[in-house]
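Structure data (CSV, C-alpha atoms) from run.csv:
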chain,number,residue,atom,x,y,z
A,100,MET,CA,-35.7,98.2,128.2
A,101,THR,CA,-34.3,98.6,124.7
A,102,PRO,CA,-36.0,96.6,121.9
A,103,THR,CA,-33.1,94.1,121.9
A,104,GLU,CA,-33.4,93.7,125.7
A,105,VAL,CA,-37.1,93.1,125.3
A,106,VAL,CA,-36.3,90.3,122.8
A,107,GLU,CA,-33.9,88.7,125.3
A,108,ARG,CA,-36.5,89.1,128.1
A,109,ARG,CA,-39.1,87.4,125.9
A,110,ARG,CA,-36.7,84.4,125.6
A,111,ARG,CA,-36.3,84.1,129.3
A,112,VAL,CA,-40.0,84.3,130.2
A,113,LEU,CA,-40.8,81.7,127.6
A,114,LEU,CA,-38.0,79.4,129.0
A,115,ASP,CA,-39.6,79.9,132.4
A,116,ASN,CA,-43.0,79.1,130.9
A,117,ASP,CA,-44.2,82.3,132.5
A,118,ALA,CA,-47.4,83.2,130.6
A,119,GLN,CA,-48.1,86.2,132.8
A,120,GLY,CA,-44.6,87.5,132.4
A,121,PHE,CA,-44.8,87.2,128.6
A,122,ALA,CA,-48.1,89.0,128.4
A,123,GLY,CA,-46.7,91.7,130.7
A,124,LEU,CA,-44.1,92.7,128.1
A,125,PHE,CA,-46.9,94.1,125.9
A,126,ALA,CA,-48.2,97.7,125.9
A,127,ALA,CA,-51.8,98.2,127.0
A,128,ASP,CA,-52.8,98.5,123.3
A,129,GLY,CA,-50.2,96.0,122.1
A,130,VAL,CA,-51.0,93.7,119.2
A,131,MET,CA,-50.0,90.1,118.5
A,132,GLU,CA,-50.3,89.0,114.9
A,133,MET,CA,-49.8,85.5,113.4
A,134,PRO,CA,-50.0,85.8,109.6
A,135,THR,CA,-49.2,82.1,109.2
A,136,ALA,CA,-51.8,80.9,111.7
A,137,ALA,CA,-53.6,77.7,110.7
A,138,PRO,CA,-57.3,78.0,109.7
A,139,GLY,CA,-59.4,78.4,112.8
A,140,ALA,CA,-56.6,79.8,114.9
A,141,PRO,CA,-56.6,83.6,115.7
A,142,GLY,CA,-54.5,85.6,113.3
A,143,ARG,CA,-54.6,88.8,115.4
A,144,ILE,CA,-55.0,89.5,119.1
A,145,ALA,CA,-55.3,93.2,120.1
A,146,GLY,CA,-54.9,94.6,123.6
A,147,LEU,CA,-53.2,93.6,126.8
A,148,ASP,CA,-56.3,91.9,128.3
A,149,ALA,CA,-56.9,89.7,125.2
A,150,ILE,CA,-53.2,88.9,124.9
A,151,THR,CA,-53.0,87.9,128.6
A,152,GLU,CA,-56.1,85.7,128.3
A,153,PHE,CA,-54.7,84.1,125.1
A,154,CYS,CA,-51.3,83.3,126.8
A,155,ARG,CA,-53.0,82.0,130.0
A,156,ARG,CA,-55.1,79.7,127.8
A,157,THR,CA,-52.5,78.4,125.4
A,158,MET,CA,-49.2,78.4,127.1
A,159,PRO,CA,-49.7,75.9,130.0
A,160,GLY,CA,-50.2,73.0,127.5
A,161,VAL,CA,-46.7,73.4,126.1
A,162,ARG,CA,-43.4,73.4,127.8
A,163,VAL,CA,-40.6,75.3,126.1
A,164,ASP,CA,-37.4,73.3,126.4
A,165,ALA,CA,-35.1,75.5,124.5
A,166,LEU,CA,-35.3,78.7,122.6
A,167,GLU,CA,-32.3,79.6,120.4
A,168,HIS,CA,-31.8,83.1,118.9
A,169,VAL,CA,-30.5,82.1,115.4
A,170,ALA,CA,-30.1,85.9,114.7
A,171,VAL,CA,-31.4,89.1,116.1
A,172,HIS,CA,-31.5,91.9,113.6
A,173,GLU,CA,-31.7,95.6,114.5
A,174,THR,CA,-33.3,97.5,111.7
A,175,GLY,CA,-33.3,101.0,110.2
A,176,ASP,CA,-36.3,101.7,112.4
A,177,PRO,CA,-35.1,102.0,116.0
A,178,GLU,CA,-38.3,100.6,117.3
A,179,VAL,CA,-38.1,97.4,115.3
A,180,VAL,CA,-36.0,94.4,116.0
A,181,ILE,CA,-36.5,91.0,114.2
A,182,ALA,CA,-35.5,87.7,115.8
A,183,GLU,CA,-35.0,84.4,114.1
A,184,THR,CA,-35.5,81.6,116.5
A,185,LEU,CA,-35.5,77.9,116.9
A,186,THR,CA,-37.8,76.6,119.6
A,187,ARG,CA,-37.9,73.1,121.0
A,188,ALA,CA,-41.0,72.3,123.0
A,189,THR,CA,-43.1,69.5,124.4
A,190,LEU,CA,-46.8,69.0,124.3
A,191,LEU,CA,-47.6,68.1,127.9
A,192,ALA,CA,-50.7,66.1,127.1
A,193,THR,CA,-48.9,63.7,124.8
A,194,GLY,CA,-45.2,64.1,125.7
A,195,GLN,CA,-44.6,64.8,122.1
A,196,SER,CA,-41.6,67.0,121.4
A,197,PHE,CA,-41.3,69.3,118.4
A,198,THR,CA,-38.9,71.8,116.9
A,199,THR,CA,-40.2,75.0,115.3
A,200,PRO,CA,-38.2,77.5,113.4
A,201,SER,CA,-39.9,80.9,113.5
A,202,ILE,CA,-39.2,84.6,113.1
A,203,GLN,CA,-40.8,87.5,115.0
A,204,VAL,CA,-41.0,91.2,114.2
A,205,PHE,CA,-41.0,93.3,117.4
A,206,ARG,CA,-42.0,96.9,117.5
A,207,VAL,CA,-41.1,98.2,120.9
A,208,ARG,CA,-42.1,101.6,122.2
A,209,ASP,CA,-41.1,102.9,125.7
A,210,GLY,CA,-39.9,99.5,126.6
A,211,ARG,CA,-43.2,97.7,125.8
A,212,ILE,CA,-44.2,95.6,122.8
A,213,ALA,CA,-46.5,97.6,120.5
A,214,LEU,CA,-46.5,94.9,117.8
A,215,PHE,CA,-45.4,91.3,117.9
A,216,ARG,CA,-45.8,89.6,114.5
A,217,THR,CA,-44.7,86.0,114.5
A,218,TYR,CA,-44.3,83.7,111.5
A,219,VAL,CA,-44.4,80.2,112.8
A,220,ALA,CA,-43.8,77.2,110.6
A,221,PRO,CA,-45.9,74.0,111.0
A,222,PRO,CA,-43.9,72.1,113.6
A,223,THR,CA,-41.8,69.2,112.9
A,224,THR,CA,-42.9,66.6,115.4
A,225,GLN,CA,-40.7,63.9,116.9
A,226,PRO,CA,-41.8,60.7,118.7
A,227,ALA,CA,-42.3,61.1,122.4
A,228,GLY,CA,-39.2,60.8,124.5
A,229,GLU,CA,-36.8,61.8,121.7
A,230,THR,CA,-35.0,65.1,122.0
A,231,ALA,CA,-33.9,67.3,119.2
A,232,SER,CA,-30.2,67.6,118.7
B,804,MET,CA,-28.7,97.1,92.3
B,805,THR,CA,-29.3,97.9,96.0
B,806,PRO,CA,-30.6,95.1,98.1
B,807,VAL,CA,-34.1,96.7,98.1
B,808,GLU,CA,-33.9,96.9,94.3
B,809,VAL,CA,-32.9,93.2,94.1
B,810,LEU,CA,-36.0,92.3,96.1
B,811,GLN,CA,-38.2,94.4,93.8
B,812,ARG,CA,-36.6,92.8,90.7
B,813,ARG,CA,-37.2,89.3,92.2
B,814,GLN,CA,-40.9,90.0,92.4
B,815,GLU,CA,-41.1,91.3,88.8
B,816,LEU,CA,-39.3,88.3,87.5
B,817,LEU,CA,-41.5,85.8,89.3
B,818,ILE,CA,-44.7,87.6,88.2
B,819,GLY,CA,-43.3,87.5,84.6
B,820,GLN,CA,-42.5,83.8,85.1
B,821,ASP,CA,-38.9,84.5,84.2
B,822,LEU,CA,-37.3,81.7,86.2
B,823,GLU,CA,-33.9,81.9,84.5
B,824,GLY,CA,-33.9,85.6,85.4
B,825,PHE,CA,-34.9,84.8,88.9
B,826,ALA,CA,-32.1,82.3,89.4
B,827,GLY,CA,-29.7,84.8,87.8
B,828,LEU,CA,-30.3,87.1,90.8
B,829,PHE,CA,-28.4,84.7,92.9
B,830,ALA,CA,-24.6,84.5,93.2
B,831,PRO,CA,-23.2,81.3,91.7
B,832,ASP,CA,-22.9,79.8,95.2
B,833,GLY,CA,-26.1,81.5,96.5
B,834,VAL,CA,-28.4,79.6,98.8
B,835,ILE,CA,-32.1,79.4,99.5
B,836,GLU,CA,-33.1,78.2,102.9
B,837,ILE,CA,-36.7,77.3,103.8
B,838,PRO,CA,-36.7,76.6,107.5
B,839,SER,CA,-40.5,75.9,107.4
B,840,ALA,CA,-40.3,73.4,104.5
B,841,GLY,CA,-42.7,70.7,105.1
B,842,PRO,CA,-42.2,67.0,104.3
B,843,GLY,CA,-41.1,66.5,100.7
B,844,LEU,CA,-39.7,69.9,100.3
B,845,PRO,CA,-36.0,70.8,100.4
B,846,GLY,CA,-35.0,72.9,103.3
B,847,ARG,CA,-31.9,74.2,101.6
B,848,LEU,CA,-30.9,74.7,98.0
B,849,GLU,CA,-27.2,75.4,97.2
B,850,GLY,CA,-26.0,77.1,94.1
B,851,ARG,CA,-27.7,78.9,91.2
B,852,ALA,CA,-28.1,75.7,89.1
B,853,ALA,CA,-30.0,73.9,91.9
B,854,ILE,CA,-32.1,77.0,92.5
B,855,ALA,CA,-33.0,77.2,88.7
B,856,GLU,CA,-33.9,73.5,88.6
B,857,PHE,CA,-36.1,73.7,91.7
B,858,SER,CA,-37.8,76.9,90.4
B,859,ARG,CA,-38.6,75.2,87.1
B,860,ARG,CA,-40.0,72.2,88.9
B,861,THR,CA,-42.2,74.0,91.3
B,862,ALA,CA,-43.4,76.8,89.0
B,863,THR,CA,-45.5,74.4,86.8
B,864,GLY,CA,-49.1,74.4,87.7
B,865,MET,CA,-49.0,77.7,89.6
B,866,ARG,CA,-49.4,81.3,88.3
B,867,ILE,CA,-48.1,84.1,90.5
B,868,ASP,CA,-50.5,87.0,90.4
B,869,GLY,CA,-48.7,89.4,92.6
B,870,PHE,CA,-47.0,90.4,95.8
B,871,GLU,CA,-48.1,92.7,98.5
B,872,THR,CA,-45.0,94.1,100.3
B,873,VAL,CA,-46.1,94.6,103.9
B,874,ALA,CA,-42.7,96.0,105.0
B,875,VAL,CA,-39.1,96.1,104.0
B,876,TYR,CA,-36.4,96.6,106.7
B,877,GLU,CA,-32.8,97.5,106.3
B,878,THR,CA,-30.8,96.1,109.1
B,879,ALA,CA,-27.6,97.0,111.0
B,880,ASP,CA,-25.8,94.7,108.6
B,881,PRO,CA,-25.7,96.6,105.3
B,882,GLU,CA,-25.8,93.4,103.3
B,883,VAL,CA,-29.0,92.1,105.0
B,884,VAL,CA,-32.6,93.2,104.3
B,885,ILE,CA,-35.8,91.7,105.6
B,886,ALA,CA,-39.1,91.8,103.8
B,887,GLU,CA,-42.6,90.8,104.8
B,888,THR,CA,-44.7,89.9,101.8
B,889,VAL,CA,-48.0,88.3,100.9
B,890,LEU,CA,-47.9,86.3,97.7
B,891,ARG,CA,-51.0,85.8,95.7
B,892,ALA,CA,-51.1,82.9,93.2
B,893,THR,CA,-53.6,80.8,91.3
B,894,VAL,CA,-53.5,77.0,90.9
B,895,ALA,CA,-53.7,76.5,87.2
B,896,ALA,CA,-55.6,73.2,87.3
B,897,THR,CA,-58.4,74.3,89.6
B,898,GLY,CA,-58.4,78.1,89.4
B,899,GLU,CA,-58.1,78.3,93.2
B,900,SER,CA,-56.5,81.5,94.5
B,901,LEU,CA,-53.8,81.1,97.2
B,902,VAL,CA,-52.6,83.6,99.7
B,903,ALA,CA,-49.2,83.0,101.3
B,904,PRO,CA,-47.8,85.4,103.9
B,905,SER,CA,-44.1,85.1,104.5
B,906,ILE,CA,-41.0,86.9,105.7
B,907,GLN,CA,-37.6,86.7,104.0
B,908,VAL,CA,-34.2,87.4,105.4
B,909,VAL,CA,-31.9,88.2,102.5
B,910,ARG,CA,-28.1,88.7,102.3
B,911,ILE,CA,-27.1,90.5,99.2
B,912,ARG,CA,-23.5,91.3,98.2
B,913,ASP,CA,-22.4,93.1,95.0
B,914,GLY,CA,-26.0,93.1,93.8
B,915,GLN,CA,-26.3,89.3,94.0
B,916,ILE,CA,-28.3,87.2,96.5
B,917,LEU,CA,-26.0,85.1,98.7
B,918,LEU,CA,-28.7,83.9,101.1
B,919,PHE,CA,-32.5,83.9,100.8
B,920,ARG,CA,-34.1,82.5,103.9
B,921,ASP,CA,-37.8,82.3,103.6
B,922,TYR,CA,-40.2,81.7,106.5
B,923,ALA,CA,-43.6,80.8,105.1
B,924,GLY,CA,-46.7,79.1,106.5
B,925,ARG,CA,-49.0,76.8,104.6
B,926,PRO,CA,-50.7,78.7,101.8
B,927,SER,CA,-54.4,79.2,102.4
B,928,LEU,CA,-57.2,79.5,100.0
B,929,ALA,CA,-58.1,83.1,99.3
B,930,GLY,CA,-61.7,82.3,98.4
B,931,PRO,CA,-63.7,80.9,95.6
B,932,PRO,CA,-62.0,80.4,92.2
B,933,GLY,CA,-61.8,83.5,90.0
Rewritten as structure tokens:
Amino acid sequence: MTPTEVVERRRRVLLDNDAQGFAGLFAADGVMEMPTAAPGAPGRIAGLDAITEFCRRTMPGVRVDALEHVAVHETGDPEVVIAETLTRATLLATGQSFTTPSIQVFRVRDGRIALFRTYVAPPTTQPAGETAS
Amino acid sequence: MTPVEVLQRRQELLIGQDLEGFAGLFAPDGVIEIPSAGPGLPGRLEGRAAIAEFSRRTATGMRIDGFETVAVYETADPEVVIAETVLRATVAATGESLVAPSIQVVRIRDGQILLFRDYAGRPSLAGPPG
């Protein structure tokens, strides 16, 4: 897969809430970085095993309802693609929906994600049952 | 100025607390978008005058100590550059140091910023004051 195809594939596995499929996009020594992670949350996860475990632990509690690519930027570095996204999701425990703008820097080598750096804003929550427009 | 030079100039002006100079980097109809703006903060500022007014209002009480540029990317669109940066600042009242990683998508035409879209998290304390 090209870097741009990996970004699109990421969108589809998240819409399918496929934690294993998402983790499987990473290289064996791939890294996930979250520079804007809240205090107490991990800012960096290194290696496919750790990423798989993290996805398996965190993804089932959240259902992704929509994931819009606001823009996908190819860069001067052929390995790097940057995606601006708008995600609408629901916390299954409470039914609370939220919308989160975010942006990810993907470094893709040989069809696998070597680096996934995501800047996620604090979510804007909505009352349960409401849907974002 | 090239887009990369405009970003460099922005950092210098902010460190020098030259807010008029900062606003002057924008086209008259330039826009700042802050998709991650929390409650009470504007998500979008339109026009150089609004940008200057907002900058003056938010700059008080905060000293910008420096920027670390993690990466700058040129994109397939020659007008668009993307920069990952870490801002270091000090709260004047308390002496607390803040660290704010963010990433900016910037559209620059004829040396002027048309769009500055800034994705930032909540600033976190860097450590004890001083």
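Distance annotation: of B:Ala879, B:Val809, B:Ala892, B:Ala886, the residue with the minimal separation from chain A is B:Ala879; atom set is all atoms listed in the file.
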For Val169 of chain A, work out the shell of residues within 9 Å, counting all atoms listed in the file and skipping chain neighbours fewer than 5 positions away, then give it as a PyMOL selection string. chain A and resi 182-185
Give the answer as one residue: which of A:Glu167, A:Asp148, A:Glu178, A:Asp115 has the shortest atom-to-atom distance to Gly210 of chain A, using only C-alpha atoms?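 Smallest distance to Gly210 of chain A is found for A:Glu178.
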Once you count all atoms listed in the file, which residues of chain B turn out to be within 12 Å of chain A? Could you give them as a compact mmCIF listing (two decimals) with C-alpha atoms, keeping the file's coordinate frame?
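Heads up, here's the output in result-v9.txt:
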# COMPACT_ATOMS: atom_id res chain seq x y z
CA GLU B 836 -33.10 78.20 102.90
CA ILE B 837 -36.70 77.30 103.80
CA PRO B 838 -36.70 76.60 107.50
CA SER B 839 -40.50 75.90 107.40
CA ALA B 840 -40.30 73.40 104.50
CA GLY B 841 -42.70 70.70 105.10
CA PRO B 842 -42.20 67.00 104.30
CA GLY B 846 -35.00 72.90 103.30
CA VAL B 873 -46.10 94.60 103.90
CA ALA B 874 -42.70 96.00 105.00
CA VAL B 875 -39.10 96.10 104.00
CA TYR B 876 -36.40 96.60 106.70
CA GLU B 877 -32.80 97.50 106.30
CA THR B 878 -30.80 96.10 109.10
CA ALA B 879 -27.60 97.00 111.00
CA ASP B 880 -25.80 94.70 108.60
CA PRO B 881 -25.70 96.60 105.30
CA GLU B 882 -25.80 93.40 103.30
CA VAL B 883 -29.00 92.10 105.00
CA VAL B 884 -32.60 93.20 104.30
CA ILE B 885 -35.80 91.70 105.60
CA ALA B 886 -39.10 91.80 103.80
CA GLU B 887 -42.60 90.80 104.80
CA THR B 888 -44.70 89.90 101.80
CA VAL B 889 -48.00 88.30 100.90
CA VAL B 902 -52.60 83.60 99.70
CA ALA B 903 -49.20 83.00 101.30
CA PRO B 904 -47.80 85.40 103.90
CA SER B 905 -44.10 85.10 104.50
CA ILE B 906 -41.00 86.90 105.70
CA GLN B 907 -37.60 86.70 104.00
CA VAL B 908 -34.20 87.40 105.40
CA VAL B 909 -31.90 88.20 102.50
CA ARG B 920 -34.10 82.50 103.90
CA ASP B 921 -37.80 82.30 103.60
CA TYR B 922 -40.20 81.70 106.50
CA ALA B 923 -43.60 80.80 105.10
CA GLY B 924 -46.70 79.10 106.50
CA ARG B 925 -49.00 76.80 104.60
CA PRO B 926 -50.70 78.70 101.80
CA SER B 927 -54.40 79.20 102.40
CA LEU B 928 -57.20 79.50 100.00
CA ALA B 929 -58.10 83.10 99.30
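For the residues B:Glu815, B:Asp832, B:Asp913, B:Asp821, ranking by smallest atom-to-atom distance to Ala862 of chain B using all atoms listed in the file places B:Asp821 first.
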Hey, which of A:Ala140, A:Ala145, A:Met158, A:Met131 ends up closest to Val112 of chain A? Count all atoms listed in the file.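 Distance minimum relative to Val112 of chain A lands on A:Met158.
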Figure out the distance between atom CA of Leu114 of chain A and atom CA of Leu166 of chain A, please, to one decimal in Å. 7.0 Å
For atom CA of Arg156 of chain A and atom CA of Gly142 of chain A, determine how far apart the two atoms are, in Å to one decimal place. 15.7 Å
Atomic distance atom CA of Arg211 of chain A - atom CA of Thr186 of chain A, expressed in Å with one decimal: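 Separating atom CA of Arg211 of chain A from atom CA of Thr186 of chain A is a distance of 22.6 Å.
The neighbours of Asn116 of chain A here are the residues that come within 12 Å of it, using only C-alpha atoms and leaving out any residue fewer than 3 positions away in the same chain; they are Arg109, Arg110, Arg111, Val112, Leu113, Gln119, Gly120, Phe121, Ala122, Cys154, Arg155, Thr157, Met158, Pro159, Gly160, Val161, Arg162, Val163, Asp164, Ala165, Leu166, Ala188 and Thr189 of chain A.
Candidate residues B:Ala830, B:Val807, B:Val894, B:Ile911 were compared for distance to Ala852 of chain B, and the nearest is B:Ala830, using all atoms listed in the file.
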Quick one: of A:Ile144, A:Val207, A:Leu190, A:Ala170, who's nearest to Val130 of chain A, counting all atoms listed in the file?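 Ranked by minimum distance to Val130 of chain A, first place goes to A:Ile144.
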Generate the missing atoms of segment 135-148 of chain A up to N, CA and C atoms and report them as a PDB file, in the frame of the given file.
ATOM      1  N   THR A 135     -49.247  83.452 109.672  1.00  0.00           N
ATOM      2  CA  THR A 135     -49.200  82.100 109.200  1.00  0.00           C
ATOM      3  C   THR A 135     -50.064  81.141 110.023  1.00  0.00           C
ATOM      4  N   ALA A 136     -50.943  81.713 110.853  1.00  0.00           N
ATOM      5  CA  ALA A 136     -51.800  80.900 111.700  1.00  0.00           C
ATOM      6  C   ALA A 136     -52.618  79.907 110.871  1.00  0.00           C
ATOM      7  N   ALA A 137     -52.783  78.708 111.392  1.00  0.00           N
ATOM      8  CA  ALA A 137     -53.600  77.700 110.700  1.00  0.00           C
ATOM      9  C   ALA A 137     -55.058  78.183 110.683  1.00  0.00           C
ATOM     10  N   PRO A 138     -55.825  77.698 109.696  1.00  0.00           N
ATOM     11  CA  PRO A 138     -57.300  78.000 109.700  1.00  0.00           C
ATOM     12  C   PRO A 138     -57.911  77.700 111.008  1.00  0.00           C
ATOM     13  N   GLY A 139     -58.695  78.598 111.536  1.00  0.00           N
ATOM     14  CA  GLY A 139     -59.400  78.400 112.800  1.00  0.00           C
ATOM     15  C   GLY A 139     -58.637  78.976 113.991  1.00  0.00           C
ATOM     16  N   ALA A 140     -57.326  79.191 113.847  1.00  0.00           N
ATOM     17  CA  ALA A 140     -56.600  79.800 114.900  1.00  0.00           C
ATOM     18  C   ALA A 140     -56.620  81.345 114.725  1.00  0.00           C
ATOM     19  N   PRO A 141     -56.534  82.095 115.820  1.00  0.00           N
ATOM     20  CA  PRO A 141     -56.600  83.600 115.700  1.00  0.00           C
ATOM     21  C   PRO A 141     -55.384  84.093 114.935  1.00  0.00           C
ATOM     22  N   GLY A 142     -55.597  85.025 114.029  1.00  0.00           N
ATOM     23  CA  GLY A 142     -54.500  85.600 113.300  1.00  0.00           C
ATOM     24  C   GLY A 142     -54.054  86.952 113.930  1.00  0.00           C
ATOM     25  N   ARG A 143     -54.898  87.505 114.809  1.00  0.00           N
ATOM     26  CA  ARG A 143     -54.600  88.800 115.400  1.00  0.00           C
ATOM     27  C   ARG A 143     -55.259  88.922 116.749  1.00  0.00           C
ATOM     28  N   ILE A 144     -54.497  89.352 117.746  1.00  0.00           N
ATOM     29  CA  ILE A 144     -55.000  89.500 119.100  1.00  0.00           C
ATOM     30  C   ILE A 144     -54.633  90.947 119.529  1.00  0.00           C
ATOM     31  N   ALA A 145     -55.619  91.759 119.862  1.00  0.00           N
ATOM     32  CA  ALA A 145     -55.300  93.200 120.100  1.00  0.00           C
ATOM     33  C   ALA A 145     -55.668  93.492 121.596  1.00  0.00           C
ATOM     34  N   GLY A 146     -54.722  94.172 122.245  1.00  0.00           N
ATOM     35  CA  GLY A 146     -54.900  94.600 123.600  1.00  0.00           C
ATOM     36  C   GLY A 146     -54.366  93.717 124.652  1.00  0.00           C
ATOM     37  N   LEU A 147     -53.855  94.312 125.706  1.00  0.00           N
ATOM     38  CA  LEU A 147     -53.200  93.600 126.800  1.00  0.00           C
ATOM     39  C   LEU A 147     -54.084  92.505 127.392  1.00  0.00           C
ATOM     40  N   ASP A 148     -55.354  92.848 127.617  1.00  0.00           N
ATOM     41  CA  ASP A 148     -56.300  91.900 128.300  1.00  0.00           C
ATOM     42  C   ASP A 148     -56.450  90.649 127.404  1.00  0.00           C
TER      43      ASP A 148
END
